[in-house]
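Raw data-v1.cif, mmCIF, N, CA, C and O atoms:
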```
data_input
#
loop_
_atom_site.group_PDB
_atom_site.id
_atom_site.type_symbol
_atom_site.label_atom_id
_atom_site.label_comp_id
_atom_site.auth_asym_id
_atom_site.auth_seq_id
_atom_site.Cartn_x
_atom_site.Cartn_y
_atom_site.Cartn_z
ATOM 1 N N MET A 281 -2.747 0.380 11.522
ATOM 2 C CA MET A 281 -1.774 -0.643 11.860
ATOM 3 C C MET A 281 -0.549 -0.484 10.962
ATOM 4 O O MET A 281 -0.668 -0.280 9.767
ATOM 5 N N THR A 282 0.600 -0.579 11.512
ATOM 6 C CA THR A 282 1.848 -0.464 10.792
ATOM 7 C C THR A 282 2.231 -1.812 10.212
ATOM 8 O O THR A 282 2.100 -2.831 10.878
ATOM 9 N N PRO A 283 2.695 -1.845 8.962
ATOM 10 C CA PRO A 283 3.100 -3.120 8.387
ATOM 11 C C PRO A 283 4.280 -3.710 9.132
ATOM 12 O O PRO A 283 5.108 -2.970 9.660
ATOM 13 N N PRO A 284 4.364 -5.008 9.208
ATOM 14 C CA PRO A 284 5.467 -5.654 9.910
ATOM 15 C C PRO A 284 6.807 -5.316 9.269
ATOM 16 O O PRO A 284 6.892 -5.083 8.072
ATOM 17 N N ALA A 285 7.852 -5.292 10.082
ATOM 18 C CA ALA A 285 9.185 -4.917 9.612
ATOM 19 C C ALA A 285 9.735 -5.906 8.595
ATOM 20 O O ALA A 285 10.439 -5.534 7.676
ATOM 21 N N GLY A 286 9.415 -7.163 8.745
ATOM 22 C CA GLY A 286 9.951 -8.178 7.852
ATOM 23 C C GLY A 286 9.279 -8.230 6.498
ATOM 24 O O GLY A 286 9.683 -8.962 5.621
ATOM 25 N N GLY A 287 8.227 -7.456 6.300
ATOM 26 C CA GLY A 287 7.545 -7.442 5.024
ATOM 27 C C GLY A 287 6.434 -8.467 4.917
ATOM 28 O O GLY A 287 5.671 -8.451 3.977
ATOM 29 N N THR A 288 6.336 -9.368 5.876
ATOM 30 C CA THR A 288 5.254 -10.336 5.845
ATOM 31 C C THR A 288 4.061 -9.739 6.565
ATOM 32 O O THR A 288 4.192 -8.978 7.509
ATOM 33 N N ASN A 289 2.907 -10.083 6.116
ATOM 34 C CA ASN A 289 1.695 -9.487 6.652
ATOM 35 C C ASN A 289 0.896 -10.530 7.409
ATOM 36 O O ASN A 289 0.580 -11.577 6.882
ATOM 37 N N THR A 290 0.586 -10.236 8.645
ATOM 38 C CA THR A 290 -0.210 -11.156 9.450
ATOM 39 C C THR A 290 -1.601 -10.613 9.719
ATOM 40 O O THR A 290 -2.384 -11.253 10.396
ATOM 41 N N ASP A 291 -1.909 -9.435 9.215
ATOM 42 C CA ASP A 291 -3.219 -8.828 9.421
ATOM 43 C C ASP A 291 -4.204 -9.426 8.420
ATOM 44 O O ASP A 291 -4.024 -9.286 7.209
ATOM 45 N N PRO A 292 -5.242 -10.111 8.882
ATOM 46 C CA PRO A 292 -6.165 -10.765 7.954
ATOM 47 C C PRO A 292 -7.064 -9.790 7.194
ATOM 48 O O PRO A 292 -7.619 -10.156 6.165
ATOM 49 N N ASP A 293 -7.205 -8.555 7.667
ATOM 50 C CA ASP A 293 -8.113 -7.604 7.040
ATOM 51 C C ASP A 293 -7.448 -6.724 5.981
ATOM 52 O O ASP A 293 -8.128 -6.188 5.119
ATOM 53 N N TRP A 294 -6.138 -6.542 6.056
ATOM 54 C CA TRP A 294 -5.436 -5.632 5.157
ATOM 55 C C TRP A 294 -4.291 -6.341 4.453
ATOM 56 O O TRP A 294 -3.647 -7.206 4.999
ATOM 57 N N GLU A 295 -4.027 -5.934 3.223
ATOM 58 C CA GLU A 295 -2.809 -6.356 2.539
ATOM 59 C C GLU A 295 -1.957 -5.112 2.324
ATOM 60 O O GLU A 295 -2.481 -4.021 2.125
ATOM 61 N N TYR A 296 -0.646 -5.273 2.424
ATOM 62 C CA TYR A 296 0.290 -4.154 2.340
ATOM 63 C C TYR A 296 1.204 -4.312 1.141
ATOM 64 O O TYR A 296 1.516 -5.429 0.726
ATOM 65 N N ARG A 297 1.617 -3.170 0.598
ATOM 66 C CA ARG A 297 2.563 -3.162 -0.512
ATOM 67 C C ARG A 297 3.604 -2.087 -0.259
ATOM 68 O O ARG A 297 3.272 -0.900 -0.193
ATOM 69 N N PRO A 298 4.863 -2.474 -0.120
ATOM 70 C CA PRO A 298 5.915 -1.473 0.059
ATOM 71 C C PRO A 298 6.269 -0.842 -1.282
ATOM 72 O O PRO A 298 6.196 -1.480 -2.333
ATOM 73 N N LEU A 299 6.641 0.419 -1.227
ATOM 74 C CA LEU A 299 7.022 1.159 -2.419
ATOM 75 C C LEU A 299 8.155 2.099 -2.036
ATOM 76 O O LEU A 299 8.040 2.845 -1.061
ATOM 77 N N ARG A 300 9.246 2.034 -2.762
ATOM 78 C CA ARG A 300 10.388 2.912 -2.482
ATOM 79 C C ARG A 300 10.466 3.956 -3.585
ATOM 80 O O ARG A 300 10.499 3.631 -4.764
ATOM 81 N N LEU A 301 10.483 5.228 -3.184
ATOM 82 C CA LEU A 301 10.596 6.327 -4.132
ATOM 83 C C LEU A 301 12.005 6.900 -4.042
ATOM 84 O O LEU A 301 12.471 7.222 -2.952
ATOM 85 N N PRO A 302 12.692 7.038 -5.176
ATOM 86 C CA PRO A 302 14.083 7.494 -5.161
ATOM 87 C C PRO A 302 14.215 8.947 -4.716
ATOM 88 O O PRO A 302 13.252 9.713 -4.753
ATOM 89 N N PRO A 303 15.424 9.348 -4.313
ATOM 90 C CA PRO A 303 15.625 10.690 -3.762
ATOM 91 C C PRO A 303 15.376 11.820 -4.749
ATOM 92 O O PRO A 303 15.010 12.910 -4.357
ATOM 93 N N GLY A 304 15.524 11.598 -6.034
ATOM 94 C CA GLY A 304 15.373 12.677 -7.009
ATOM 95 C C GLY A 304 13.934 13.006 -7.362
ATOM 96 O O GLY A 304 13.673 13.987 -8.063
ATOM 97 N N ILE A 305 13.001 12.228 -6.907
ATOM 98 C CA ILE A 305 11.599 12.434 -7.282
ATOM 99 C C ILE A 305 11.013 13.612 -6.494
ATOM 100 O O ILE A 305 11.282 13.773 -5.318
ATOM 101 N N THR A 306 10.258 14.454 -7.181
ATOM 102 C CA THR A 306 9.661 15.612 -6.508
ATOM 103 C C THR A 306 8.471 15.177 -5.675
ATOM 104 O O THR A 306 7.904 14.100 -5.885
ATOM 105 N N ARG A 307 8.087 16.027 -4.766
ATOM 106 C CA ARG A 307 6.940 15.735 -3.914
ATOM 107 C C ARG A 307 5.657 15.624 -4.739
ATOM 108 O O ARG A 307 4.813 14.754 -4.505
ATOM 109 N N LEU A 308 5.517 16.480 -5.741
ATOM 110 C CA LEU A 308 4.345 16.449 -6.613
ATOM 111 C C LEU A 308 4.292 15.154 -7.416
ATOM 112 O O LEU A 308 3.241 14.529 -7.556
ATOM 113 N N SER A 309 5.437 14.731 -7.931
ATOM 114 C CA SER A 309 5.500 13.486 -8.685
ATOM 115 C C SER A 309 5.178 12.282 -7.797
ATOM 116 O O SER A 309 4.484 11.354 -8.217
ATOM 117 N N ALA A 310 5.681 12.297 -6.577
ATOM 118 C CA ALA A 310 5.376 11.218 -5.627
ATOM 119 C C ALA A 310 3.884 11.176 -5.339
ATOM 120 O O ALA A 310 3.268 10.102 -5.319
ATOM 121 N N ALA A 311 3.278 12.336 -5.123
ATOM 122 C CA ALA A 311 1.837 12.400 -4.855
ATOM 123 C C ALA A 311 1.040 11.886 -6.045
ATOM 124 O O ALA A 311 0.027 11.193 -5.877
ATOM 125 N N THR A 312 1.494 12.192 -7.251
ATOM 126 C CA THR A 312 0.815 11.715 -8.457
ATOM 127 C C THR A 312 0.877 10.196 -8.546
ATOM 128 O O THR A 312 -0.123 9.536 -8.841
ATOM 129 N N GLN A 313 2.045 9.626 -8.283
ATOM 130 C CA GLN A 313 2.182 8.162 -8.314
ATOM 131 C C GLN A 313 1.273 7.500 -7.290
ATOM 132 O O GLN A 313 0.611 6.500 -7.585
ATOM 133 N N LEU A 314 1.229 8.067 -6.087
ATOM 134 C CA LEU A 314 0.368 7.488 -5.048
ATOM 135 C C LEU A 314 -1.103 7.635 -5.398
ATOM 136 O O LEU A 314 -1.910 6.744 -5.119
ATOM 137 N N SER A 315 -1.472 8.731 -6.041
ATOM 138 C CA SER A 315 -2.859 8.928 -6.467
ATOM 139 C C SER A 315 -3.275 7.896 -7.505
ATOM 140 O O SER A 315 -4.395 7.395 -7.487
ATOM 141 N N ILE A 316 -2.364 7.577 -8.405
ATOM 142 C CA ILE A 316 -2.653 6.562 -9.423
ATOM 143 C C ILE A 316 -2.874 5.203 -8.771
ATOM 144 O O ILE A 316 -3.813 4.480 -9.120
ATOM 145 N N HIS A 317 -2.028 4.849 -7.807
ATOM 146 C CA HIS A 317 -2.209 3.578 -7.084
ATOM 147 C C HIS A 317 -3.555 3.565 -6.361
ATOM 148 O O HIS A 317 -4.232 2.537 -6.312
ATOM 149 N N ALA A 318 -3.938 4.695 -5.809
ATOM 150 C CA ALA A 318 -5.199 4.763 -5.067
ATOM 151 C C ALA A 318 -6.398 4.659 -5.997
ATOM 152 O O ALA A 318 -7.333 3.903 -5.732
ATOM 153 N N GLU A 319 -6.367 5.418 -7.092
ATOM 154 C CA GLU A 319 -7.536 5.472 -7.968
ATOM 155 C C GLU A 319 -7.772 4.184 -8.737
ATOM 156 O O GLU A 319 -8.899 3.718 -8.861
ATOM 157 N N PHE A 320 -6.714 3.574 -9.248
ATOM 158 C CA PHE A 320 -6.891 2.430 -10.123
ATOM 159 C C PHE A 320 -6.730 1.080 -9.456
ATOM 160 O O PHE A 320 -7.160 0.067 -9.988
ATOM 161 N N SER A 321 -6.121 1.042 -8.273
ATOM 162 C CA SER A 321 -5.900 -0.250 -7.617
ATOM 163 C C SER A 321 -6.470 -0.329 -6.210
ATOM 164 O O SER A 321 -6.339 -1.344 -5.553
ATOM 165 N N GLY A 322 -7.024 0.770 -5.710
ATOM 166 C CA GLY A 322 -7.669 0.737 -4.408
ATOM 167 C C GLY A 322 -6.737 0.848 -3.222
ATOM 168 O O GLY A 322 -7.130 0.577 -2.095
ATOM 169 N N TRP A 323 -5.474 1.236 -3.444
ATOM 170 C CA TRP A 323 -4.521 1.359 -2.346
ATOM 171 C C TRP A 323 -4.705 2.687 -1.634
ATOM 172 O O TRP A 323 -5.096 3.681 -2.235
ATOM 173 N N GLU A 324 -4.406 2.707 -0.347
ATOM 174 C CA GLU A 324 -4.382 3.947 0.427
ATOM 175 C C GLU A 324 -3.058 4.023 1.170
ATOM 176 O O GLU A 324 -2.397 3.013 1.406
ATOM 177 N N LEU A 325 -2.676 5.230 1.535
ATOM 178 C CA LEU A 325 -1.405 5.453 2.204
ATOM 179 C C LEU A 325 -1.483 4.963 3.637
ATOM 180 O O LEU A 325 -2.398 5.306 4.378
ATOM 181 N N SER A 326 -0.528 4.137 4.035
ATOM 182 C CA SER A 326 -0.486 3.627 5.393
ATOM 183 C C SER A 326 0.627 4.283 6.204
ATOM 184 O O SER A 326 0.419 4.702 7.334
ATOM 185 N N ARG A 327 1.819 4.381 5.586
ATOM 186 C CA ARG A 327 2.973 4.914 6.323
ATOM 187 C C ARG A 327 4.016 5.419 5.337
ATOM 188 O O ARG A 327 4.174 4.858 4.256
ATOM 189 N N VAL A 328 4.728 6.475 5.730
ATOM 190 C CA VAL A 328 5.821 7.008 4.920
ATOM 191 C C VAL A 328 7.022 7.256 5.819
ATOM 192 O O VAL A 328 6.892 7.828 6.893
ATOM 193 N N LEU A 329 8.187 6.803 5.373
ATOM 194 C CA LEU A 329 9.439 7.124 6.043
ATOM 195 C C LEU A 329 10.288 7.919 5.061
ATOM 196 O O LEU A 329 10.474 7.505 3.917
ATOM 197 N N LEU A 330 10.794 9.067 5.505
ATOM 198 C CA LEU A 330 11.669 9.880 4.683
ATOM 199 C C LEU A 330 13.078 9.743 5.237
ATOM 200 O O LEU A 330 13.326 10.035 6.404
ATOM 201 N N TYR A 331 13.995 9.260 4.396
ATOM 202 C CA TYR A 331 15.374 9.065 4.808
ATOM 203 C C TYR A 331 16.196 10.317 4.531
ATOM 204 O O TYR A 331 15.801 11.173 3.736
ATOM 205 N N SER A 332 17.344 10.427 5.178
ATOM 206 C CA SER A 332 18.178 11.624 5.066
ATOM 207 C C SER A 332 18.697 11.860 3.642
ATOM 208 O O SER A 332 18.993 12.981 3.276
ATOM 209 N N ASP A 333 18.782 10.803 2.834
ATOM 210 C CA ASP A 333 19.232 10.983 1.446
ATOM 211 C C ASP A 333 18.095 11.403 0.519
ATOM 212 O O ASP A 333 18.298 11.592 -0.670
ATOM 213 N N GLY A 334 16.875 11.530 1.043
ATOM 214 C CA GLY A 334 15.727 11.948 0.242
ATOM 215 C C GLY A 334 14.864 10.803 -0.241
ATOM 216 O O GLY A 334 13.805 11.020 -0.822
ATOM 217 N N THR A 335 15.295 9.572 -0.013
ATOM 218 C CA THR A 335 14.498 8.407 -0.389
ATOM 219 C C THR A 335 13.275 8.309 0.504
ATOM 220 O O THR A 335 13.347 8.564 1.701
ATOM 221 N N ARG A 336 12.142 7.963 -0.096
ATOM 222 C CA ARG A 336 10.917 7.750 0.670
ATOM 223 C C ARG A 336 10.560 6.271 0.621
ATOM 224 O O ARG A 336 10.514 5.681 -0.449
ATOM 225 N N GLN A 337 10.301 5.690 1.764
ATOM 226 C CA GLN A 337 9.782 4.322 1.851
ATOM 227 C C GLN A 337 8.313 4.451 2.211
ATOM 228 O O GLN A 337 7.969 5.010 3.251
ATOM 229 N N VAL A 338 7.455 3.970 1.327
ATOM 230 C CA VAL A 338 6.010 4.127 1.474
ATOM 231 C C VAL A 338 5.385 2.756 1.611
ATOM 232 O O VAL A 338 5.786 1.813 0.931
ATOM 233 N N TRP A 339 4.410 2.626 2.500
ATOM 234 C CA TRP A 339 3.604 1.418 2.597
ATOM 235 C C TRP A 339 2.178 1.783 2.224
ATOM 236 O O TRP A 339 1.573 2.684 2.814
ATOM 237 N N LEU A 340 1.671 1.065 1.238
ATOM 238 C CA LEU A 340 0.280 1.229 0.830
ATOM 239 C C LEU A 340 -0.502 0.057 1.405
ATOM 240 O O LEU A 340 0.042 -1.027 1.621
ATOM 241 N N ARG A 341 -1.781 0.282 1.649
ATOM 242 C CA ARG A 341 -2.606 -0.818 2.141
ATOM 243 C C ARG A 341 -3.970 -0.762 1.479
ATOM 244 O O ARG A 341 -4.403 0.275 0.984
ATOM 245 N N ARG A 342 -4.622 -1.897 1.447
ATOM 246 C CA ARG A 342 -6.003 -1.972 0.978
ATOM 247 C C ARG A 342 -6.671 -3.153 1.662
ATOM 248 O O ARG A 342 -6.025 -4.111 2.085
ATOM 249 N N LYS A 343 -7.983 -3.040 1.774
ATOM 250 C CA LYS A 343 -8.758 -4.119 2.386
ATOM 251 C C LYS A 343 -8.653 -5.362 1.529
ATOM 252 O O LYS A 343 -8.672 -5.294 0.308
ATOM 253 N N ARG A 344 -8.489 -6.469 2.198
ATOM 254 C CA ARG A 344 -8.496 -7.737 1.471
ATOM 255 C C ARG A 344 -9.916 -7.998 0.994
ATOM 256 O O ARG A 344 -10.879 -7.766 1.711
ATOM 257 N N SER A 345 -10.037 -8.488 -0.208
ATOM 258 C CA SER A 345 -11.368 -8.827 -0.698
ATOM 259 C C SER A 345 -11.696 -10.241 -0.260
ATOM 260 O O SER A 345 -10.870 -11.152 -0.374
ATOM 261 N N THR A 346 -12.867 -10.395 0.270
ATOM 262 C CA THR A 346 -13.294 -11.734 0.690
ATOM 263 C C THR A 346 -13.962 -12.416 -0.489
ATOM 264 O O THR A 346 -14.777 -11.817 -1.189
ATOM 265 N N PRO A 347 -13.590 -13.648 -0.730
ATOM 266 C CA PRO A 347 -14.211 -14.356 -1.845
ATOM 267 C C PRO A 347 -15.700 -14.525 -1.586
ATOM 268 O O PRO A 347 -16.141 -14.699 -0.459
ATOM 269 N N GLY A 348 -16.458 -14.426 -2.644
ATOM 270 C CA GLY A 348 -17.913 -14.567 -2.535
ATOM 271 C C GLY A 348 -18.317 -15.964 -2.106
ATOM 272 O O GLY A 348 -17.566 -16.932 -2.237
ATOM 273 N N ILE A 349 -19.501 -16.061 -1.591
ATOM 274 C CA ILE A 349 -20.038 -17.361 -1.199
ATOM 275 C C ILE A 349 -20.468 -18.094 -2.455
ATOM 276 O O ILE A 349 -21.262 -17.571 -3.247
ATOM 277 N N PRO A 350 -19.943 -19.276 -2.671
ATOM 278 C CA PRO A 350 -20.300 -20.000 -3.910
ATOM 279 C C PRO A 350 -21.767 -20.434 -3.876
ATOM 280 O O PRO A 350 -22.322 -20.764 -2.816
ATOM 281 N N GLU A 351 -22.357 -20.371 -5.034
ATOM 282 C CA GLU A 351 -23.754 -20.798 -5.133
ATOM 283 C C GLU A 351 -23.799 -22.329 -5.170
ATOM 284 O O GLU A 351 -22.960 -22.970 -5.786
ATOM 285 N N LEU A 352 -24.765 -22.878 -4.502
ATOM 286 C CA LEU A 352 -24.936 -24.327 -4.498
ATOM 287 C C LEU A 352 -25.770 -24.747 -5.702
ATOM 288 O O LEU A 352 -26.786 -24.124 -6.021
ATOM 289 N N LEU A 353 -25.291 -25.727 -6.386
ATOM 290 C CA LEU A 353 -26.047 -26.250 -7.528
ATOM 291 C C LEU A 353 -27.010 -27.295 -7.005
ATOM 292 O O LEU A 353 -26.627 -28.219 -6.303
ATOM 293 N N THR A 354 -28.252 -27.155 -7.348
ATOM 294 C CA THR A 354 -29.245 -28.138 -6.897
ATOM 295 C C THR A 354 -29.855 -28.869 -8.040
ATOM 296 O O THR A 354 -29.863 -28.469 -9.143
#
```

I'd like the structure from this file rewritten - as structure tokens, please.
Amino acid sequence: MTPPAGGTNTDPDWEYRPLRLPPGITRLSAATQLSIHAEFSGWELSRVLLYSDGTRQVWLRRKRSTPGIPELLT
């Protein structure tokens, strides 16, 4: 699923995070940054737009965590 254009998320299963990478960043450096987001925060790549000036607009996504069922005190 593609993130909404307005930046608001209506998908109950996924949360999205936009990330803009400047034009001077190398492809290897961009991949390293995305790997760090994936390994330590659970994000995965959802969509990438490459602009003519070299800027990359990236959307990361991850499953929303459902809160646990509270234990009942008896």

Within-6 Å shell of (16.6, 7.7, -3.4) in input frame, all atoms listed in the file, as a VMD selection string: chain A and resid 301 to 304 333 to 336

Pull N, CA, C and O atoms from the residues just selected and write them as a compact mmCIF listing (two decimals), in the coordinates of the input.
```
# COMPACT_ATOMS: atom_id res chain seq x y z
N LEU A 301 10.48 5.23 -3.18
CA LEU A 301 10.60 6.33 -4.13
C LEU A 301 12.00 6.90 -4.04
O LEU A 301 12.47 7.22 -2.95
N PRO A 302 12.69 7.04 -5.18
CA PRO A 302 14.08 7.49 -5.16
C PRO A 302 14.22 8.95 -4.72
O PRO A 302 13.25 9.71 -4.75
N PRO A 303 15.42 9.35 -4.31
CA PRO A 303 15.62 10.69 -3.76
C PRO A 303 15.38 11.82 -4.75
O PRO A 303 15.01 12.91 -4.36
N GLY A 304 15.52 11.60 -6.03
CA GLY A 304 15.37 12.68 -7.01
C GLY A 304 13.93 13.01 -7.36
O GLY A 304 13.67 13.99 -8.06
N ASP A 333 18.78 10.80 2.83
CA ASP A 333 19.23 10.98 1.45
C ASP A 333 18.10 11.40 0.52
O ASP A 333 18.30 11.59 -0.67
N GLY A 334 16.88 11.53 1.04
CA GLY A 334 15.73 11.95 0.24
C GLY A 334 14.86 10.80 -0.24
O GLY A 334 13.80 11.02 -0.82
N THR A 335 15.30 9.57 -0.01
CA THR A 335 14.50 8.41 -0.39
C THR A 335 13.28 8.31 0.50
O THR A 335 13.35 8.56 1.70
N ARG A 336 12.14 7.96 -0.10
CA ARG A 336 10.92 7.75 0.67
C ARG A 336 10.56 6.27 0.62
O ARG A 336 10.51 5.68 -0.45
```

Write out as a PDB file with N, CA, C and O atoms, in the coordinates of the input each polymer residue whose atoms come within 7 Å of region 327-332 of chain A, counting only N, CA, C and O atoms; drop sequence neighbours fewer than 6 positions from it.
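result22.pdb, freshly written:
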```
ATOM      1  N   MET A 281      -2.747   0.380  11.522  1.00  0.00           N
ATOM      2  CA  MET A 281      -1.774  -0.643  11.860  1.00  0.00           C
ATOM      3  C   MET A 281      -0.549  -0.484  10.962  1.00  0.00           C
ATOM      4  O   MET A 281      -0.668  -0.280   9.767  1.00  0.00           O
ATOM      5  N   LEU A 299       6.641   0.419  -1.227  1.00  0.00           N
ATOM      6  CA  LEU A 299       7.022   1.159  -2.419  1.00  0.00           C
ATOM      7  C   LEU A 299       8.155   2.099  -2.036  1.00  0.00           C
ATOM      8  O   LEU A 299       8.040   2.845  -1.061  1.00  0.00           O
ATOM      9  N   VAL A 338       7.455   3.970   1.327  1.00  0.00           N
ATOM     10  CA  VAL A 338       6.010   4.127   1.474  1.00  0.00           C
ATOM     11  C   VAL A 338       5.385   2.756   1.611  1.00  0.00           C
ATOM     12  O   VAL A 338       5.786   1.813   0.931  1.00  0.00           O
ATOM     13  N   TRP A 339       4.410   2.626   2.500  1.00  0.00           N
ATOM     14  CA  TRP A 339       3.604   1.418   2.597  1.00  0.00           C
ATOM     15  C   TRP A 339       2.178   1.783   2.224  1.00  0.00           C
ATOM     16  O   TRP A 339       1.573   2.684   2.814  1.00  0.00           O
ATOM     17  N   LEU A 340       1.671   1.065   1.238  1.00  0.00           N
ATOM     18  CA  LEU A 340       0.280   1.229   0.830  1.00  0.00           C
ATOM     19  C   LEU A 340      -0.502   0.057   1.405  1.00  0.00           C
ATOM     20  O   LEU A 340       0.042  -1.027   1.621  1.00  0.00           O
ATOM     21  N   ARG A 341      -1.781   0.282   1.649  1.00  0.00           N
ATOM     22  CA  ARG A 341      -2.606  -0.818   2.141  1.00  0.00           C
ATOM     23  C   ARG A 341      -3.970  -0.762   1.479  1.00  0.00           C
ATOM     24  O   ARG A 341      -4.403   0.275   0.984  1.00  0.00           O
TER      25      ARG A 341
END
```

Just checking: using all atoms listed in the file, which residue out of A:Leu308, A:Gln337, A:Ser315, A:Trp323 ends up closest to Glu295 (chain A)? A:Trp323

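A straight line drawn from atom O of Arg342 (chain A) to atom N of Thr306 (chain A) is 26.4 Å long.
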
Atom O of Arg297 (chain A) and CA of Glu319 (chain A), how far apart in Å? 14.8 Å

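One distance worth recording is that between CA of Glu324 (chain A) and CA of Pro298 (chain A), which is 11.6 Å.
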
Of the residues A:Tyr296, A:Leu325, A:Asp291, A:Ser345, which is the one nearest to Ala310 (chain A), using only C-alpha atoms? A:Leu325

Considering only alpha helix (DSSP H) as DSSP defines it on the backbone, what residues of region 284-343 of chain A qualify? List them as a list in words. Arg307, Leu308, Ser309, Ala310, Ala311, Thr312, Gln313, Leu314, Ser315, Ile316, His317, Ala318, Glu319, Phe320 and Ser321 of chain A

Go ahead and fit an axis-aligned box to every listed atom of region 295-306 of chain A plus 6 Å each side, and pass me the centre and edge lengths in Å, one decimal, as JSON.
```
{"center_x": 5.8, "center_y": 4.6, "center_z": -2.4, "size_x": 31.7, "size_y": 34.0, "size_z": 23.3}
```

Counting only C-alpha atoms, I want the residues whose atoms come within 9 Å of (-7.6, -9.4, 0.0) in the file frame, returned as a PyMOL selection string. chain A and resi 292-295+342-347
